[in-house]
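Following: one structure in structure tokens, then a few remarks.
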Amino acid sequence: MPTLPAPHRARPATARTAVGPDPLAGDEWLPLAAAHAERADALTAGWRERKARGEKHAVEDFLFTYYPTRPAQLRRWHPGAGVALAVATRPDDVAPLLAERAAWRWYRTGTDGGVTLDVDAFLADRGDTVRYARDLLAATASRPATLGCFGLHEWAMVYRDHAQGRDHRHPLPLRLGAHGTDEVVATHPVRCSHFDAFRFFTPEAVSLNRLQPTRETQPALEQPGCLHANMDLYKWAVKLSPAVPSGLVLDAFELARDIRWVDMRASPYDVSSYDEAPVAIETPAGKAEYVRLQRGFAERSAVLRARLLEVCERLLG
């Protein structure tokens, strides 16, 4: 992948309530929007090309199906709350684009002609989502990372499928076969804390989980070592858009993509057709590798979670 410009981050929101949004002239924001579109295009190229050919990808399609965000949405650049896009010295280039943006949902034109996010309108429609995300992200950040699950959630999603005559979830062969997969689940403690992984467990695996997470208990159970909780930072970045700077959305997308590959490498599926080696969590060496990777994702996620929390706190004032 080519080296692309670093994502734009909105300037701190110091005293914005009193003085209004920070102005960003067309000379500044047009290049940022163009660089963002280039970065988004690079990240979604594989999906778009496969879709045009009618091809499936057992690993990366997850980012566009489970998280149903269209490439065009990712390509659209938003500076985030507290920034006003202005015309400045290039009115011929910028004025039509400002007029287009002013028609986007939750945007408004100020008395000076600058276009900015209408925070009051956004909160009127999405305030409950902002508050829930703020509370969930803060609760997750407050806990230490738990690093001993070894990705067994994916194994529990196919446990005893073969014995019950069910097809497993992905069109990939099982690396250890059906009986070997069941043996790993039966001989390892299953400690999944993430509801949106747990809800895909097979009926036979549900009672094996030491926790029984629900949607209601999600804020109480979510922890920063969980691969799926960290992938979900992308979900929250999208849900909080356009109040979230678009560079942060793509940062979360890249994290989710990297986690997804490890999630599948550590799963019971054989990913060798993608030229990827397994993380063999049924072995001591595989467990150690999984924990090492999990710890790295927890560290990366902490930074993005803090940035998303900052957006929520800024919106809620």
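Ordered as shown in the structure tokens, chains take letters A, B, and onward, while each chain numbers its residues from 1 and ligands are numbered from 1 in the order shown.
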
Mind running segment 118-179 of chain A against segment 236-243 of chain A at 12 Å and telling me each contacting residue's nearest atom pair with the distance in Å (one decimal), counting only C-alpha atoms, chain and number ascending, as a Markdown table?
```
| residue | atom | partner | partner_atom | distance |
| --- | --- | --- | --- | --- |
| A:Asp118 | CA | A:Ala243 | CA | 9.3 |
| A:Val119 | CA | A:Ala243 | CA | 7.9 |
| A:Asp120 | CA | A:Ala243 | CA | 11.3 |
| A:Ala121 | CA | A:Ala243 | CA | 11.3 |
| A:Phe122 | CA | A:Ala243 | CA | 8.1 |
| A:Leu123 | CA | A:Ala243 | CA | 9.9 |
| A:Asp125 | CA | A:Leu240 | CA | 11.1 |
| A:Arg126 | CA | A:Leu240 | CA | 8.0 |
| A:Gly127 | CA | A:Leu240 | CA | 9.7 |
| A:Asp128 | CA | A:Leu240 | CA | 10.9 |
| A:Thr129 | CA | A:Leu240 | CA | 7.7 |
| A:Val130 | CA | A:Leu240 | CA | 6.8 |
| A:Arg131 | CA | A:Leu240 | CA | 10.5 |
| A:Tyr132 | CA | A:Trp236 | CA | 10.2 |
| A:Ala133 | CA | A:Trp236 | CA | 7.0 |
| A:Arg134 | CA | A:Trp236 | CA | 9.8 |
| A:Leu136 | CA | A:Trp236 | CA | 10.2 |
| A:Leu137 | CA | A:Trp236 | CA | 9.3 |
```

Keeping all heavy atoms for every residue in the selection just given, could you write it to a file as a compact mmCIF listing (two decimals), in the first residue's frame?
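Everything below was put into again_20.txt:
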```txt
# COMPACT_ATOMS: atom_id res chain seq x y z
N ASP A 118 -23.75 21.06 12.81
CA ASP A 118 -24.73 21.60 13.73
C ASP A 118 -24.83 20.62 14.90
O ASP A 118 -25.57 19.63 14.85
CB ASP A 118 -26.08 21.76 13.03
CG ASP A 118 -27.11 22.48 13.88
OD1 ASP A 118 -26.99 22.42 15.12
OD2 ASP A 118 -28.04 23.08 13.32
N VAL A 119 -24.08 20.89 15.95
CA VAL A 119 -23.98 19.97 17.07
C VAL A 119 -25.34 19.77 17.74
O VAL A 119 -25.70 18.65 18.12
CB VAL A 119 -22.93 20.45 18.08
CG1 VAL A 119 -22.95 19.59 19.35
CG2 VAL A 119 -21.54 20.41 17.45
N ASP A 120 -26.11 20.84 17.88
CA ASP A 120 -27.42 20.71 18.51
C ASP A 120 -28.33 19.77 17.71
O ASP A 120 -29.02 18.92 18.29
CB ASP A 120 -28.09 22.08 18.65
CG ASP A 120 -27.39 22.95 19.68
OD1 ASP A 120 -26.69 22.39 20.55
OD2 ASP A 120 -27.53 24.18 19.62
N ALA A 121 -28.32 19.91 16.40
CA ALA A 121 -29.14 19.04 15.55
C ALA A 121 -28.64 17.60 15.62
O ALA A 121 -29.44 16.64 15.67
CB ALA A 121 -29.13 19.54 14.11
N PHE A 122 -27.32 17.43 15.63
CA PHE A 122 -26.75 16.08 15.72
C PHE A 122 -27.15 15.42 17.03
O PHE A 122 -27.56 14.25 17.06
CB PHE A 122 -25.23 16.16 15.59
CG PHE A 122 -24.55 14.82 15.65
CD1 PHE A 122 -24.54 13.98 14.55
CD2 PHE A 122 -23.90 14.40 16.81
CE1 PHE A 122 -23.90 12.75 14.60
CE2 PHE A 122 -23.27 13.17 16.87
CZ PHE A 122 -23.27 12.34 15.76
N LEU A 123 -27.03 16.16 18.14
CA LEU A 123 -27.38 15.59 19.43
C LEU A 123 -28.88 15.33 19.56
O LEU A 123 -29.30 14.38 20.24
CB LEU A 123 -26.91 16.51 20.56
CG LEU A 123 -25.40 16.57 20.79
CD1 LEU A 123 -25.06 17.58 21.88
CD2 LEU A 123 -24.86 15.19 21.16
N ASP A 125 -30.73 14.15 17.31
CA ASP A 125 -30.98 12.87 16.65
C ASP A 125 -30.15 11.73 17.23
O ASP A 125 -30.62 10.59 17.29
CB ASP A 125 -30.67 12.99 15.15
CG ASP A 125 -31.66 13.85 14.41
OD1 ASP A 125 -32.77 14.08 14.93
OD2 ASP A 125 -31.33 14.30 13.30
N ARG A 126 -28.93 12.01 17.64
CA ARG A 126 -27.99 10.96 18.03
C ARG A 126 -27.49 11.09 19.46
O ARG A 126 -26.53 10.42 19.84
CB ARG A 126 -26.78 10.98 17.07
CG ARG A 126 -27.11 10.58 15.63
CD ARG A 126 -27.42 9.09 15.54
NE ARG A 126 -27.76 8.68 14.20
CZ ARG A 126 -26.86 8.33 13.27
NH1 ARG A 126 -25.58 8.36 13.55
NH2 ARG A 126 -27.26 7.95 12.07
N GLY A 127 -28.14 11.90 20.26
CA GLY A 127 -27.65 12.12 21.61
C GLY A 127 -27.59 10.85 22.43
O GLY A 127 -26.62 10.63 23.18
N ASP A 128 -28.60 9.99 22.32
CA ASP A 128 -28.59 8.73 23.08
C ASP A 128 -27.42 7.85 22.67
O ASP A 128 -26.78 7.21 23.51
CB ASP A 128 -29.90 7.98 22.89
CG ASP A 128 -31.08 8.64 23.59
OD1 ASP A 128 -30.83 9.50 24.47
OD2 ASP A 128 -32.23 8.30 23.27
N THR A 129 -27.12 7.83 21.38
CA THR A 129 -25.98 7.05 20.89
C THR A 129 -24.68 7.61 21.42
O THR A 129 -23.79 6.85 21.84
CB THR A 129 -25.96 7.04 19.35
OG1 THR A 129 -27.16 6.44 18.86
CG2 THR A 129 -24.76 6.28 18.82
N VAL A 130 -24.55 8.93 21.42
CA VAL A 130 -23.32 9.56 21.93
C VAL A 130 -23.14 9.22 23.41
O VAL A 130 -22.03 8.86 23.84
CB VAL A 130 -23.36 11.08 21.73
CG1 VAL A 130 -22.13 11.74 22.36
CG2 VAL A 130 -23.44 11.43 20.24
N ARG A 131 -24.20 9.33 24.19
CA ARG A 131 -24.09 9.05 25.62
C ARG A 131 -23.77 7.58 25.89
O ARG A 131 -22.94 7.26 26.75
CB ARG A 131 -25.38 9.47 26.33
CG ARG A 131 -25.48 10.98 26.55
CD ARG A 131 -26.75 11.35 27.31
NE ARG A 131 -27.91 11.32 26.42
CZ ARG A 131 -28.32 12.33 25.67
NH1 ARG A 131 -27.65 13.48 25.68
NH2 ARG A 131 -29.39 12.22 24.91
N TYR A 132 -24.42 6.68 25.14
CA TYR A 132 -24.15 5.26 25.33
C TYR A 132 -22.70 4.94 24.95
O TYR A 132 -21.99 4.23 25.69
CB TYR A 132 -25.09 4.40 24.49
CG TYR A 132 -24.86 2.92 24.67
CD1 TYR A 132 -25.46 2.23 25.71
CD2 TYR A 132 -24.01 2.20 23.82
CE1 TYR A 132 -25.24 0.87 25.90
CE2 TYR A 132 -23.77 0.86 24.00
CZ TYR A 132 -24.40 0.19 25.03
OH TYR A 132 -24.16 -1.14 25.23
N ALA A 133 -22.26 5.47 23.82
CA ALA A 133 -20.88 5.23 23.39
C ALA A 133 -19.89 5.78 24.40
O ALA A 133 -18.89 5.12 24.74
CB ALA A 133 -20.64 5.85 22.02
N ARG A 134 -20.16 7.00 24.90
CA ARG A 134 -19.27 7.59 25.90
C ARG A 134 -19.16 6.69 27.13
O ARG A 134 -18.05 6.42 27.63
CB ARG A 134 -19.80 8.97 26.28
CG ARG A 134 -18.89 9.81 27.19
CD ARG A 134 -19.20 9.66 28.68
NE ARG A 134 -20.60 9.74 29.02
CZ ARG A 134 -21.26 10.89 29.26
NH1 ARG A 134 -20.64 12.04 29.19
NH2 ARG A 134 -22.55 10.85 29.58
N LEU A 136 -19.87 3.44 27.43
CA LEU A 136 -19.26 2.14 27.12
C LEU A 136 -17.75 2.27 26.94
O LEU A 136 -16.98 1.48 27.49
CB LEU A 136 -19.90 1.56 25.86
CG LEU A 136 -19.31 0.23 25.36
CD1 LEU A 136 -19.55 -0.88 26.37
CD2 LEU A 136 -19.89 -0.15 24.00
N LEU A 137 -17.34 3.27 26.18
CA LEU A 137 -15.91 3.47 25.94
C LEU A 137 -15.17 3.78 27.24
O LEU A 137 -14.06 3.28 27.47
CB LEU A 137 -15.70 4.59 24.93
CG LEU A 137 -16.21 4.33 23.51
CD1 LEU A 137 -16.21 5.61 22.70
CD2 LEU A 137 -15.39 3.25 22.82
```

*Distance query segment 167-177 of chain A at most 9 Å, only C-alpha atoms, self and fewer than 3 positions along chain excluded, as a PyMOL selection string*: chain A and resi 58+157-159+161-162+180-182+267-271+273+278

Close residues, Arg260 of chain A itself excluded, 8 Å, only C-alpha atoms, min 3 positions apart in chain, as a PDB file with all heavy atoms, in the first residue's frame:
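around10.pdb, freshly written:
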```
ATOM      1  N   VAL A  59     -12.088 -13.280   4.910  1.00  0.00           N
ATOM      2  CA  VAL A  59     -11.528 -12.475   5.999  1.00  0.00           C
ATOM      3  C   VAL A  59     -11.972 -11.020   5.890  1.00  0.00           C
ATOM      4  O   VAL A  59     -12.629 -10.480   6.781  1.00  0.00           O
ATOM      5  CB  VAL A  59      -9.987 -12.573   6.025  1.00  0.00           C
ATOM      6  CG1 VAL A  59      -9.417 -11.746   7.178  1.00  0.00           C
ATOM      7  CG2 VAL A  59      -9.539 -14.027   6.145  1.00  0.00           C
ATOM      8  N   GLU A  60     -11.655 -10.376   4.792  1.00  0.00           N
ATOM      9  CA  GLU A  60     -11.835  -8.936   4.706  1.00  0.00           C
ATOM     10  C   GLU A  60     -13.264  -8.495   4.404  1.00  0.00           C
ATOM     11  O   GLU A  60     -13.627  -7.353   4.693  1.00  0.00           O
ATOM     12  CB  GLU A  60     -10.875  -8.357   3.667  1.00  0.00           C
ATOM     13  CG  GLU A  60      -9.416  -8.458   4.103  1.00  0.00           C
ATOM     14  CD  GLU A  60      -8.471  -7.665   3.221  1.00  0.00           C
ATOM     15  OE1 GLU A  60      -8.923  -7.155   2.180  1.00  0.00           O
ATOM     16  OE2 GLU A  60      -7.289  -7.550   3.586  1.00  0.00           O
ATOM     17  N   MET A 231     -12.155  -4.126  17.625  1.00  0.00           N
ATOM     18  CA  MET A 231     -12.656  -3.936  16.270  1.00  0.00           C
ATOM     19  C   MET A 231     -13.855  -2.995  16.263  1.00  0.00           C
ATOM     20  O   MET A 231     -14.052  -2.208  15.339  1.00  0.00           O
ATOM     21  CB  MET A 231     -13.049  -5.278  15.640  1.00  0.00           C
ATOM     22  CG  MET A 231     -11.902  -6.044  15.035  1.00  0.00           C
ATOM     23  SD  MET A 231     -12.439  -7.405  13.964  1.00  0.00           S
ATOM     24  CE  MET A 231     -12.981  -8.600  15.178  1.00  0.00           C
ATOM     25  N   ALA A 256      -9.308  -2.345  12.798  1.00  0.00           N
ATOM     26  CA  ALA A 256     -10.248  -3.451  12.662  1.00  0.00           C
ATOM     27  C   ALA A 256      -9.778  -4.452  11.607  1.00  0.00           C
ATOM     28  O   ALA A 256      -9.905  -5.667  11.784  1.00  0.00           O
ATOM     29  CB  ALA A 256     -11.636  -2.913  12.310  1.00  0.00           C
ATOM     30  N   ARG A 257      -9.224  -3.956  10.506  1.00  0.00           N
ATOM     31  CA  ARG A 257      -8.704  -4.845   9.466  1.00  0.00           C
ATOM     32  C   ARG A 257      -7.570  -5.706  10.002  1.00  0.00           C
ATOM     33  O   ARG A 257      -7.538  -6.928   9.779  1.00  0.00           O
ATOM     34  CB  ARG A 257      -8.208  -4.001   8.290  1.00  0.00           C
ATOM     35  CG  ARG A 257      -7.565  -4.789   7.156  1.00  0.00           C
ATOM     36  CD  ARG A 257      -6.675  -3.891   6.327  1.00  0.00           C
ATOM     37  NE  ARG A 257      -5.620  -3.285   7.130  1.00  0.00           N
ATOM     38  CZ  ARG A 257      -4.859  -2.274   6.736  1.00  0.00           C
ATOM     39  NH1 ARG A 257      -5.048  -1.726   5.541  1.00  0.00           N
ATOM     40  NH2 ARG A 257      -3.910  -1.793   7.521  1.00  0.00           N
ATOM     41  N   ASP A 263      -7.750 -12.459  14.081  1.00  0.00           N
ATOM     42  CA  ASP A 263      -8.931 -13.194  14.532  1.00  0.00           C
ATOM     43  C   ASP A 263      -9.110 -14.473  13.710  1.00  0.00           C
ATOM     44  O   ASP A 263      -9.390 -15.551  14.254  1.00  0.00           O
ATOM     45  CB  ASP A 263     -10.157 -12.293  14.390  1.00  0.00           C
ATOM     46  CG  ASP A 263     -11.344 -12.770  15.202  1.00  0.00           C
ATOM     47  OD1 ASP A 263     -11.140 -13.305  16.305  1.00  0.00           O
ATOM     48  OD2 ASP A 263     -12.488 -12.605  14.729  1.00  0.00           O
ATOM     49  N   MET A 264      -8.930 -14.370  12.391  1.00  0.00           N
ATOM     50  CA  MET A 264      -9.105 -15.537  11.525  1.00  0.00           C
ATOM     51  C   MET A 264      -7.879 -16.447  11.530  1.00  0.00           C
ATOM     52  O   MET A 264      -8.014 -17.670  11.405  1.00  0.00           O
ATOM     53  CB  MET A 264      -9.442 -15.085  10.109  1.00  0.00           C
ATOM     54  CG  MET A 264     -10.841 -14.528   9.975  1.00  0.00           C
ATOM     55  SD  MET A 264     -12.127 -15.760  10.338  1.00  0.00           S
ATOM     56  CE  MET A 264     -12.046 -16.775   8.850  1.00  0.00           C
TER      57      MET A 264
END
```

_Taking 4 positions as the minimum chain separation for residues in the same chain, which residues sit within 7 Å of Asn230 of chain A when counting only C-alpha atoms? Answer as a PyMOL selection string._
chain A and resi 224+226+301

*Quick one: everything within 7 Å of segment 73-78 of chain A, counting only C-alpha atoms, minus sequence neighbours fewer than 6 positions away in the same chain. Send it as a list of chain:residue names.*
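That gives A:Ala33, A:His36, A:Ala37, A:Ala40, A:Asp41, A:Pro242, A:Pro245, A:Ser246.
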
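If you look at atom CA of Ser272 of chain A and atom CA of Glu289 of chain A, they are 17.6 Å away from each other.
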
*Could you please write out, as a list in words, every residue of segment 87-302 of chain A that DSSP assigns to strand (DSSP E or B)?*
Tyr107, Arg108, Thr109, Val115, Thr116, Leu117, Leu174, Val190, Asn209 and Tyr269 of chain A

Could you build a table of the residues in segment 215-282 of chain A lying no more than 12 Å from segment 141-146 of chain A, giving for each the nearest pair of atoms and their separation in Å rounded to one decimal place, using only C-alpha atoms, ordered by chain and ascending residue number, as a tab-separated table?
```
residue	atom	partner	partner_atom	distance
A:Pro219	CA	A:Ala141	CA	10.8
A:Ala220	CA	A:Arg143	CA	10.0
A:Leu221	CA	A:Arg143	CA	9.5
A:Glu222	CA	A:Arg143	CA	8.6
A:Gln223	CA	A:Ala145	CA	6.0
A:Pro224	CA	A:Ala145	CA	4.9
A:Gly225	CA	A:Ala145	CA	4.2
A:Cys226	CA	A:Thr146	CA	7.3
A:Leu227	CA	A:Thr146	CA	10.5
A:Ala229	CA	A:Ala141	CA	10.9
A:Asn230	CA	A:Ala141	CA	10.8
A:Leu233	CA	A:Ala141	CA	11.9
```

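Distances here use only C-alpha atoms; by that measure, the residue among A:Leu85, A:Ala252, A:Leu98, A:Thr65 closest to Ala306 of chain A is A:Ala252.
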
*Pick the closest to Pro189 of chain A from A:Ser207, A:Gln164, A:Thr202, A:Thr69: which is it, counting only C-alpha atoms?*
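Among A:Ser207, A:Gln164, A:Thr202, A:Thr69, it is A:Ser207 that comes nearest to Pro189 of chain A.
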
*Any idea what's packed within 12 Å of Arg101 of chain A, counting only C-alpha atoms, ignoring anything in its chain fewer than 5 positions away? Could you give it as a list in words?*
Arg76, Trp77, His78, Pro79, Ala84, Leu85, Ala86, Val94, Ala95, Pro96, Trp106, Tyr107, Arg108, Thr109, Gly113, Gly114, Val115, Thr116, Leu117 and Pro242 of chain A

*Assign secondary structure with DSSP using the backbone only, and return the residues of segment 27-175 of chain A in helix (DSSP H, G or I) as an NGL selection string.*
:A and (27-53 or 62-65 or 71-75 or 91-102 or 119-141 or 152-156)

Keeping C-alpha atoms for every residue in the selection just given, could you write it to a file as a tab-separated table (two decimals), in the first residue's frame?
```
chain	number	residue	atom	x	y	z
A	27	ASP	CA	-6.55	26.43	0.99
A	28	GLU	CA	-6.23	24.13	4.01
A	29	TRP	CA	-9.18	21.78	3.85
A	30	LEU	CA	-9.35	20.99	0.13
A	31	PRO	CA	-5.99	19.14	0.21
A	32	LEU	CA	-7.04	17.35	3.40
A	33	ALA	CA	-10.27	16.17	1.80
A	34	ALA	CA	-8.42	14.98	-1.30
A	35	ALA	CA	-5.79	13.11	0.73
A	36	HIS	CA	-8.52	11.47	2.78
A	37	ALA	CA	-10.34	10.29	-0.35
A	38	GLU	CA	-7.09	8.81	-1.67
A	39	ARG	CA	-6.47	6.99	1.61
A	40	ALA	CA	-10.04	5.65	1.73
A	41	ASP	CA	-9.82	4.47	-1.88
A	42	ALA	CA	-6.64	2.53	-1.09
A	43	LEU	CA	-8.29	0.86	1.92
A	44	THR	CA	-11.42	-0.18	0.02
A	45	ALA	CA	-9.84	-1.07	-3.34
A	46	GLY	CA	-9.83	-4.82	-2.71
A	47	TRP	CA	-13.49	-4.89	-1.67
A	48	ARG	CA	-14.60	-2.81	-4.64
A	49	GLU	CA	-12.64	-4.89	-7.13
A	50	ARG	CA	-13.90	-8.19	-5.70
A	51	LYS	CA	-17.47	-6.99	-5.63
A	52	ALA	CA	-17.27	-5.99	-9.29
A	53	ARG	CA	-16.08	-9.53	-10.09
A	62	PHE	CA	-16.35	-8.91	7.28
A	63	LEU	CA	-15.39	-5.23	7.39
A	64	PHE	CA	-18.06	-4.41	4.80
A	65	THR	CA	-20.81	-6.88	5.76
A	71	PRO	CA	-16.86	2.82	0.51
A	72	ALA	CA	-18.49	6.09	-0.55
A	73	GLN	CA	-19.24	6.85	3.10
A	74	LEU	CA	-15.65	6.24	4.11
A	75	ARG	CA	-14.43	8.41	1.25
A	91	PRO	CA	-13.98	31.03	-3.83
A	92	ASP	CA	-14.36	29.61	-7.34
A	93	ASP	CA	-13.06	26.21	-6.26
A	94	VAL	CA	-14.59	26.08	-2.80
A	95	ALA	CA	-17.99	27.77	-2.94
A	96	PRO	CA	-19.74	24.94	-4.86
A	97	LEU	CA	-18.28	22.35	-2.52
A	98	LEU	CA	-19.42	24.33	0.52
A	99	ALA	CA	-22.92	24.56	-0.93
A	100	GLU	CA	-22.93	20.78	-1.41
A	101	ARG	CA	-21.74	20.19	2.15
A	102	ALA	CA	-24.28	22.59	3.58
A	119	VAL	CA	-23.98	19.97	17.07
A	120	ASP	CA	-27.42	20.71	18.51
A	121	ALA	CA	-29.14	19.04	15.55
A	122	PHE	CA	-26.75	16.08	15.72
A	123	LEU	CA	-27.38	15.59	19.43
A	124	ALA	CA	-31.14	15.90	18.94
A	125	ASP	CA	-30.98	12.87	16.65
A	126	ARG	CA	-27.99	10.96	18.03
A	127	GLY	CA	-27.65	12.12	21.61
A	128	ASP	CA	-28.59	8.73	23.08
A	129	THR	CA	-25.98	7.05	20.89
A	130	VAL	CA	-23.32	9.56	21.93
A	131	ARG	CA	-24.09	9.05	25.62
A	132	TYR	CA	-24.15	5.26	25.33
A	133	ALA	CA	-20.88	5.23	23.39
A	134	ARG	CA	-19.27	7.59	25.90
A	135	ASP	CA	-20.28	5.39	28.84
A	136	LEU	CA	-19.26	2.14	27.12
A	137	LEU	CA	-15.91	3.47	25.94
A	138	ALA	CA	-15.13	4.98	29.35
A	139	ALA	CA	-16.08	1.78	31.19
A	140	THR	CA	-13.93	-0.32	28.86
A	141	ALA	CA	-10.97	2.05	29.19
A	152	LEU	CA	-11.76	-19.38	21.40
A	153	HIS	CA	-14.91	-17.46	20.45
A	154	GLU	CA	-14.39	-18.42	16.79
A	155	TRP	CA	-13.95	-22.07	17.78
A	156	ALA	CA	-17.13	-21.97	19.88
```

*Do you have the atom CA of Gly110 of chain A-atom CA of Cys312 of chain A distance handy?*
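Distance between the two atoms: 22.8 Å.
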
*Could you check how far atom CA of Phe201 of chain A sits from atom CA of Pro284 of chain A, in Å to one decimal?*
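So the two atoms, atom CA of Phe201 of chain A and atom CA of Pro284 of chain A, lie 24.4 Å apart.
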
*Using only C-alpha atoms, pick whichever of A:His57, A:Glu254, A:Arg314, A:Val83 has the shortest atom-to-atom distance to Phe297 of chain A.*
A:Glu254

Long-range neighbours of Lys287 of chain A as a PDB file with N, CA, C and O atoms, in the first residue's frame, 12 Å cut-off, only C-alpha atoms, 4 positions minimum in chain:
```pdb
ATOM      1  N   LEU A 147      -6.098 -11.031  28.880  1.00  0.00           N
ATOM      2  CA  LEU A 147      -5.425 -11.554  27.696  1.00  0.00           C
ATOM      3  C   LEU A 147      -5.381 -13.076  27.667  1.00  0.00           C
ATOM      4  O   LEU A 147      -4.491 -13.653  27.055  1.00  0.00           O
ATOM      5  N   GLY A 148      -6.365 -13.744  28.254  1.00  0.00           N
ATOM      6  CA  GLY A 148      -6.299 -15.200  28.325  1.00  0.00           C
ATOM      7  C   GLY A 148      -7.414 -15.932  27.616  1.00  0.00           C
ATOM      8  O   GLY A 148      -7.652 -17.106  27.908  1.00  0.00           O
ATOM      9  N   CYS A 149      -8.086 -15.279  26.651  1.00  0.00           N
ATOM     10  CA  CYS A 149      -9.204 -15.966  25.980  1.00  0.00           C
ATOM     11  C   CYS A 149      -8.736 -16.809  24.792  1.00  0.00           C
ATOM     12  O   CYS A 149      -9.440 -17.735  24.375  1.00  0.00           O
ATOM     13  N   PHE A 150      -7.583 -16.468  24.215  1.00  0.00           N
ATOM     14  CA  PHE A 150      -6.962 -17.195  23.109  1.00  0.00           C
ATOM     15  C   PHE A 150      -7.853 -17.310  21.870  1.00  0.00           C
ATOM     16  O   PHE A 150      -7.701 -18.252  21.067  1.00  0.00           O
ATOM     17  N   GLY A 151      -8.793 -16.391  21.719  1.00  0.00           N
ATOM     18  CA  GLY A 151      -9.611 -16.380  20.515  1.00  0.00           C
ATOM     19  C   GLY A 151     -10.544 -17.571  20.372  1.00  0.00           C
ATOM     20  O   GLY A 151     -10.963 -17.908  19.254  1.00  0.00           O
ATOM     21  N   LEU A 152     -10.912 -18.188  21.475  1.00  0.00           N
ATOM     22  CA  LEU A 152     -11.762 -19.383  21.397  1.00  0.00           C
ATOM     23  C   LEU A 152     -13.201 -19.079  20.985  1.00  0.00           C
ATOM     24  O   LEU A 152     -13.979 -20.000  20.732  1.00  0.00           O
ATOM     25  N   HIS A 188     -10.403 -26.626  26.644  1.00  0.00           N
ATOM     26  CA  HIS A 188      -9.932 -25.293  27.010  1.00  0.00           C
ATOM     27  C   HIS A 188     -11.041 -24.509  27.699  1.00  0.00           C
ATOM     28  O   HIS A 188     -12.208 -24.622  27.310  1.00  0.00           O
ATOM     29  N   ALA A 266      -6.148 -17.069  14.093  1.00  0.00           N
ATOM     30  CA  ALA A 266      -6.239 -17.810  15.356  1.00  0.00           C
ATOM     31  C   ALA A 266      -7.499 -18.654  15.444  1.00  0.00           C
ATOM     32  O   ALA A 266      -7.711 -19.351  16.434  1.00  0.00           O
ATOM     33  N   PRO A 278      -1.184 -19.932  10.451  1.00  0.00           N
ATOM     34  CA  PRO A 278      -2.112 -19.920  11.583  1.00  0.00           C
ATOM     35  C   PRO A 278      -1.438 -19.464  12.870  1.00  0.00           C
ATOM     36  O   PRO A 278      -0.219 -19.580  13.019  1.00  0.00           O
ATOM     37  N   VAL A 279      -2.235 -18.915  13.763  1.00  0.00           N
ATOM     38  CA  VAL A 279      -1.817 -18.748  15.154  1.00  0.00           C
ATOM     39  C   VAL A 279      -2.420 -19.946  15.871  1.00  0.00           C
ATOM     40  O   VAL A 279      -3.619 -19.960  16.186  1.00  0.00           O
ATOM     41  N   ALA A 280      -1.622 -20.979  16.086  1.00  0.00           N
ATOM     42  CA  ALA A 280      -2.122 -22.270  16.566  1.00  0.00           C
ATOM     43  C   ALA A 280      -2.357 -22.217  18.067  1.00  0.00           C
ATOM     44  O   ALA A 280      -1.527 -22.667  18.868  1.00  0.00           O
ATOM     45  N   ILE A 281      -3.504 -21.664  18.456  1.00  0.00           N
ATOM     46  CA  ILE A 281      -3.765 -21.408  19.880  1.00  0.00           C
ATOM     47  C   ILE A 281      -3.918 -22.690  20.691  1.00  0.00           C
ATOM     48  O   ILE A 281      -3.970 -22.622  21.932  1.00  0.00           O
ATOM     49  N   GLU A 282      -3.956 -23.842  20.022  1.00  0.00           N
ATOM     50  CA  GLU A 282      -4.029 -25.108  20.764  1.00  0.00           C
ATOM     51  C   GLU A 282      -2.668 -25.537  21.287  1.00  0.00           C
ATOM     52  O   GLU A 282      -2.568 -26.525  22.033  1.00  0.00           O
ATOM     53  N   THR A 283      -1.609 -24.785  20.916  1.00  0.00           N
ATOM     54  CA  THR A 283      -0.245 -25.097  21.354  1.00  0.00           C
ATOM     55  C   THR A 283       0.272 -23.988  22.279  1.00  0.00           C
ATOM     56  O   THR A 283      -0.187 -22.839  22.200  1.00  0.00           O
ATOM     57  N   VAL A 291      -1.307 -13.935  22.701  1.00  0.00           N
ATOM     58  CA  VAL A 291      -1.261 -12.941  23.771  1.00  0.00           C
ATOM     59  C   VAL A 291      -0.412 -11.749  23.362  1.00  0.00           C
ATOM     60  O   VAL A 291      -0.761 -10.597  23.632  1.00  0.00           O
ATOM     61  N   ARG A 292       0.699 -12.010  22.687  1.00  0.00           N
ATOM     62  CA  ARG A 292       1.566 -10.915  22.234  1.00  0.00           C
ATOM     63  C   ARG A 292       0.807 -10.012  21.258  1.00  0.00           C
ATOM     64  O   ARG A 292       0.843  -8.774  21.380  1.00  0.00           O
ATOM     65  N   LEU A 293       0.126 -10.601  20.311  1.00  0.00           N
ATOM     66  CA  LEU A 293      -0.635  -9.817  19.336  1.00  0.00           C
ATOM     67  C   LEU A 293      -1.799  -9.095  20.002  1.00  0.00           C
ATOM     68  O   LEU A 293      -2.093  -7.931  19.714  1.00  0.00           O
ATOM     69  N   GLN A 294      -2.461  -9.786  20.922  1.00  0.00           N
ATOM     70  CA  GLN A 294      -3.589  -9.198  21.643  1.00  0.00           C
ATOM     71  C   GLN A 294      -3.148  -7.980  22.451  1.00  0.00           C
ATOM     72  O   GLN A 294      -3.840  -6.954  22.476  1.00  0.00           O
TER      73      GLN A 294
END
```
